[in-house]
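Notes follow once the structure below has been shown.
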Amino acid sequence: MIMSGWLRPRRSPYGGRWAFARLSPVIITVLITGLAFSTPREIAISRLLPAAPALAAAMWPVLPTVLLGMFCLVVMIGLGFVYPDLGTQYTAAAIVAVTLAAAYASHVRLQREEILLQVRLVADAAQRVLLRPLPRRIESVEIESLYVAAQEQARIGGDFYEAVGTPYGVRLLIGDVRGKGLSAVGAASAVISCFREAAYDEPDLRSIIDRLETSIARHSAAFPGQDLPERFATALIAEIPHGGGQVRLLNCGHPPPLLVHRGKLRVLEPTVPSPPLNLAALVGDRYCVDTIMFAPGDQLLLYTDGVTETRDRAGEFFPLPDWMRRQSPQPPGALLDRLHHDLLQHSGGRLDDDIAALAVRFPNALGRGGRPIDE
């Protein structure tokens with residue numbers, strides 16, 4: 001499933017195995033009850049009955065947990081009639097005590113889950129502001145995006161991207177703030193917000209980078225921290241003029257994009273390296289803009305280092321250029337779906353870093369409604 005300009009869905013843990021796990025307290029209760037009535041009194045399997053409500057507290061609401069505890073108590077009383085010297089009163093007291101504790105634990109768990117849900121909703125809202133959904137097409141250029149957080153429950157990270165249609169053409173931004181946590185998120189937000197304004201105002205890419213450099217420097221000065229000397233971001237800006245024909249790239253320490261031109265792959269290394277954002281004062285502010293042919297049918301892949309640094313169990317990096325060479329011509333959304341699938345397969349389903357990517361295609365021709373003929 002493709003979600004244009006938004007997060008790719010992660011596989012939910014609440015599938016068939018989770019549904020089976022939720023029934024485990026009932027299964028344990030039935031199993032212990034059956035063994036308690038069918039085994040000799042000396043084995044005293046019934047003493048395990050308090051485990052059922054204790055387990056239910058981890059996954060059930062309060063009322064079902066209490067009802068299960070009451071059922072276990074009834075079972076224990078019934079066993080007392082079958083085996084009068086079983087010590088029913090002690091086990092029954094244990095069931096009551098554990099059930100009360102389990103009900104309280106269930107109540108606390110539900111409260112924390114509610115708080116977590118609210119936090120995730122806020123994080124989702126912040127994510128939509130930071131990485132707002134991109135249009136699938138800007139002018140005649142098709143665009144799709146991919147963002148996957150390394151942590152299962154994460155919503156925000158230091159990777160960022162943006163695409164806007166401007167008087168100068170379609171302008172794209174992708175980057176990665178060094179570090180993690182709120183510090184990286186704040187720096188990424190500052191860069192994206194600045195780009196959204198500068199992309200419309202500035203006539204050339206160097207002027208945009210100057211604005212971004214100033215923005216991240218001001219953000220770092222306004223929010224100082226222990227990591228201030230190391231707070232920087234790699235960034236890549238691409239500009240596709242109206243009508244296509246070429247793409248201009250300004251790469252500030254970012255992984256080089258990949259271009260498929262007439263079936264052949266090119267790794268677009270910068271002619272002259274440009275410094276990452278917030279490091280120009282240390283290494284100089286010389287920026288180089290490269291112009292590359294971008295013809296109808298060509299496809300451009302922009303990505304962060306989380307893609308190429310994805311490792312398998314043997315420690316081998318994901319071979320992105322070789323992978324790209326094996327891909328047949330396809331829409332940007334299908335390309336990113338395949339990339340997401342193969343990254344998870346390569347890493348065994350576990351990602352060590354956030355990944356972000358933009359796939360851009362200049363279609364061969366447009367039919368009715370502005371849709372590419374080859375779709």
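Ligands are numbered from 1 in the order shown, chains are lettered A, B, ... in the order of the structure tokens, and residues start at 1 in each chain.
Residue-level DSSP output for range 215-313 of chain A, from the backbone, shows helix (DSSP H, G or I) at Ser215, Ile216, Ala217, Arg218, His219, Ser220, Ala221, Ala222, Leu228, Pro229, Glu230, Ala280, Ala281, Leu282, Val283, Asp305, Gly306, Val307 and Thr308 of chain A.
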Okay, now the selection with N, CA and C atoms, as an mmCIF file, in the first residue's frame?
data_model
loop_
_atom_site.group_PDB
_atom_site.id
_atom_site.type_symbol
_atom_site.label_atom_id
_atom_site.label_comp_id
_atom_site.auth_asym_id
_atom_site.auth_seq_id
_atom_site.Cartn_x
_atom_site.Cartn_y
_atom_site.Cartn_z
ATOM 1 N N SER A 215 19.375 29.484 9.472
ATOM 2 C CA SER A 215 18.281 28.988 10.309
ATOM 3 C C SER A 215 18.761 27.981 11.339
ATOM 4 N N ILE A 216 19.564 27.005 10.902
ATOM 5 C CA ILE A 216 20.003 25.989 11.855
ATOM 6 C C ILE A 216 21.003 26.564 12.851
ATOM 7 N N ALA A 217 21.783 27.563 12.439
ATOM 8 C CA ALA A 217 22.703 28.217 13.362
ATOM 9 C C ALA A 217 21.936 28.975 14.445
ATOM 10 N N ARG A 218 20.882 29.671 14.044
ATOM 11 C CA ARG A 218 20.067 30.380 15.032
ATOM 12 C C ARG A 218 19.366 29.419 15.970
ATOM 13 N N HIS A 219 18.881 28.303 15.415
ATOM 14 C CA HIS A 219 18.227 27.317 16.273
ATOM 15 C C HIS A 219 19.213 26.751 17.289
ATOM 16 N N SER A 220 20.409 26.445 16.864
ATOM 17 C CA SER A 220 21.405 25.893 17.782
ATOM 18 C C SER A 220 21.772 26.893 18.860
ATOM 19 N N ALA A 221 21.848 28.177 18.482
ATOM 20 C CA ALA A 221 22.165 29.197 19.477
ATOM 21 C C ALA A 221 21.017 29.417 20.450
ATOM 22 N N ALA A 222 19.786 29.282 19.964
ATOM 23 C CA ALA A 222 18.619 29.500 20.823
ATOM 24 C C ALA A 222 18.384 28.340 21.776
ATOM 25 N N LEU A 228 26.025 20.839 21.233
ATOM 26 C CA LEU A 228 26.038 22.000 20.354
ATOM 27 C C LEU A 228 27.177 21.978 19.343
ATOM 28 N N PRO A 229 28.429 21.640 19.722
ATOM 29 C CA PRO A 229 29.500 21.645 18.729
ATOM 30 C C PRO A 229 29.297 20.611 17.627
ATOM 31 N N GLU A 230 28.472 19.606 17.854
ATOM 32 C CA GLU A 230 28.284 18.545 16.878
ATOM 33 C C GLU A 230 26.913 18.594 16.220
ATOM 34 N N ALA A 280 29.594 25.413 7.986
ATOM 35 C CA ALA A 280 30.240 26.299 7.028
ATOM 36 C C ALA A 280 31.275 27.194 7.702
ATOM 37 N N ALA A 281 31.008 27.594 8.943
ATOM 38 C CA ALA A 281 31.966 28.461 9.640
ATOM 39 C C ALA A 281 33.267 27.743 9.932
ATOM 40 N N LEU A 282 33.230 26.413 9.992
ATOM 41 C CA LEU A 282 34.427 25.641 10.314
ATOM 42 C C LEU A 282 35.198 25.212 9.074
ATOM 43 N N VAL A 283 34.493 24.822 8.021
ATOM 44 C CA VAL A 283 35.156 24.260 6.841
ATOM 45 C C VAL A 283 34.989 25.122 5.603
ATOM 46 N N ASP A 305 21.099 8.258 4.871
ATOM 47 C CA ASP A 305 22.086 7.187 5.072
ATOM 48 C C ASP A 305 21.515 5.982 5.805
ATOM 49 N N GLY A 306 20.312 6.135 6.398
ATOM 50 C CA GLY A 306 19.691 4.971 7.023
ATOM 51 C C GLY A 306 19.383 3.876 6.020
ATOM 52 N N VAL A 307 19.222 4.232 4.739
ATOM 53 C CA VAL A 307 18.954 3.236 3.703
ATOM 54 C C VAL A 307 20.210 2.432 3.411
ATOM 55 N N THR A 308 21.304 3.125 3.085
ATOM 56 C CA THR A 308 22.533 2.434 2.694
ATOM 57 C C THR A 308 23.250 1.792 3.875
#
Residues within 10 Å of Tyr161 in chain A, only C-alpha atoms, excluding chain neighbours under 5 positions, as a ChimeraX atom specification
/A:5,130-132,134,145-147,172-176,188,191-192,195,235-237,302-304,356-358
Do you know which residues are at most 9 Å from Arg262 in chain A counting only C-alpha atoms, after dropping those on the same chain fewer than 5 positions away, and could you put them as a ChimeraX atom specification?
/A:295,297-298
Distance CA of Leu343 in chain A-CA of Ile355 in chain A, one decimal place?
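Computed distance, CA of Leu343 in chain A to CA of Ile355 in chain A, equals 9.7 Å.
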Find the residues near Gln330 in chain A: any atom within 10 Å, counting only C-alpha atoms, skip ones fewer than 3 places away on the same chain, and give them as a list in words.
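Returned residues: Gly297, Gln299, Gln327, Gly333, Ala334, Leu335, Leu336, Arg361, Asp374 and Glu375 of chain A.
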Those residues with C-alpha atoms, as a PDB file, in the first residue's frame please?
ATOM      1  CA  GLY A 297      11.246   8.494 -18.341  1.00  0.00           C
ATOM      2  CA  GLN A 299      13.842   8.365 -12.313  1.00  0.00           C
ATOM      3  CA  GLN A 327      14.590  -2.631 -10.724  1.00  0.00           C
ATOM      4  CA  GLY A 333       5.254   4.569  -5.361  1.00  0.00           C
ATOM      5  CA  ALA A 334       5.891   0.996  -6.496  1.00  0.00           C
ATOM      6  CA  LEU A 335       9.647   1.615  -6.347  1.00  0.00           C
ATOM      7  CA  LEU A 336       9.495   2.797  -2.724  1.00  0.00           C
ATOM      8  CA  ARG A 361      10.021  10.518 -12.053  1.00  0.00           C
ATOM      9  CA  ASP A 374       2.632   4.399 -19.054  1.00  0.00           C
ATOM     10  CA  GLU A 375       0.560   3.865 -15.872  1.00  0.00           C
TER      11      GLU A 375
END
One decimal, in Å: what's the spacing between CA of Val30 in chain A and CA of Leu48 in chain A?
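One can read the CA of Val30 in chain A to CA of Leu48 in chain A distance as 11.6 Å.
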Excluding same-chain residues fewer than 5 positions from range 40-46 of chain A, what lies within 12 Å of it counting only C-alpha atoms, as a ChimeraX atom specification?
/A:28-35,51-52,72-80,82-92,94-95
Counting only C-alpha atoms, which of A:Leu249, A:Ala54, A:Met324, A:Val170 gets nearest to Arg137 in chain A?
A:Val170
Please determine, counting only C-alpha atoms, which residue among A:Thr65, A:Thr39, A:Gln246, A:Thr214 has the shortest atom-to-atom distance to Val98 in chain A.
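Closest residue, counting only C-alpha atoms: A:Thr65.
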So that I can check the surroundings of Leu344 in chain A, please list as a VMD selection string every protein, DNA and RNA residue that reaches within 12 Å of it, counting only C-alpha atoms and ignoring chain neighbours fewer than 6 positions away.
chain A and resid 10 to 11 148 to 150 307 310 to 313 318 337 to 338 350 to 353 355
Selected residue of minimal separation from Val96 in chain A among A:Tyr168, A:Phe71, A:Phe362, A:Phe81, counting only C-alpha atoms
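Checking each of A:Tyr168, A:Phe71, A:Phe362, A:Phe81 against Val96 in chain A, counting only C-alpha atoms, the winner is A:Phe71.
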Across A:Leu279, A:Leu121, A:Leu320, A:Leu259, the smallest distance to Met293 in chain A, with only C-alpha atoms counted, is shown by A:Leu259
May I have the residues within 12 Å of Pro53 in chain A as a VMD selection string, using only C-alpha atoms and disregarding those fewer than 5 positions away in the same chain?
chain A and resid 23 to 29 48 58 to 73 94 to 106
Please save C-alpha atoms of the selected residues as a tab-separated table (two decimals), in the first residue's frame.
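Final output, result.tsv:
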chain	number	residue	atom	x	y	z
A	23	LEU	CA	-6.97	-15.95	25.39
A	24	SER	CA	-4.07	-17.42	27.35
A	25	PRO	CA	-5.59	-16.65	30.80
A	26	VAL	CA	-8.70	-18.64	29.85
A	27	ILE	CA	-6.59	-21.47	28.43
A	28	ILE	CA	-4.49	-21.63	31.59
A	29	THR	CA	-7.62	-21.61	33.78
A	48	LEU	CA	-1.63	-22.56	40.41
A	58	ALA	CA	-1.34	-7.74	31.68
A	59	MET	CA	-3.80	-7.72	28.76
A	60	TRP	CA	-7.43	-7.56	29.97
A	61	PRO	CA	-9.60	-4.72	31.32
A	62	VAL	CA	-10.51	-4.63	35.00
A	63	LEU	CA	-13.95	-6.29	34.85
A	64	PRO	CA	-12.92	-9.40	32.85
A	65	THR	CA	-9.92	-9.79	35.16
A	66	VAL	CA	-12.17	-9.74	38.23
A	67	LEU	CA	-14.65	-12.15	36.62
A	68	LEU	CA	-11.85	-14.59	35.82
A	69	GLY	CA	-10.66	-14.39	39.41
A	70	MET	CA	-14.20	-15.11	40.65
A	71	PHE	CA	-14.41	-18.10	38.34
A	72	CYS	CA	-11.12	-19.42	39.72
A	73	LEU	CA	-12.50	-18.94	43.23
A	94	ALA	CA	-4.57	-16.33	47.54
A	95	ILE	CA	-6.96	-16.14	44.59
A	96	VAL	CA	-8.86	-13.23	46.20
A	97	ALA	CA	-5.66	-11.34	47.02
A	98	VAL	CA	-4.13	-11.86	43.57
A	99	THR	CA	-7.40	-10.90	41.83
A	100	LEU	CA	-7.63	-7.63	43.75
A	101	ALA	CA	-3.99	-6.84	42.97
A	102	ALA	CA	-4.51	-7.82	39.32
A	103	ALA	CA	-7.57	-5.57	39.03
A	104	TYR	CA	-5.58	-2.62	40.35
A	105	ALA	CA	-2.67	-3.43	38.02
A	106	SER	CA	-5.07	-3.62	35.09
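Among A:Leu300, A:Cys194, A:Leu49, A:Val247, the residue with the shortest atom-to-atom distance to His261 in chain A, counting only C-alpha atoms, is A:Leu300.
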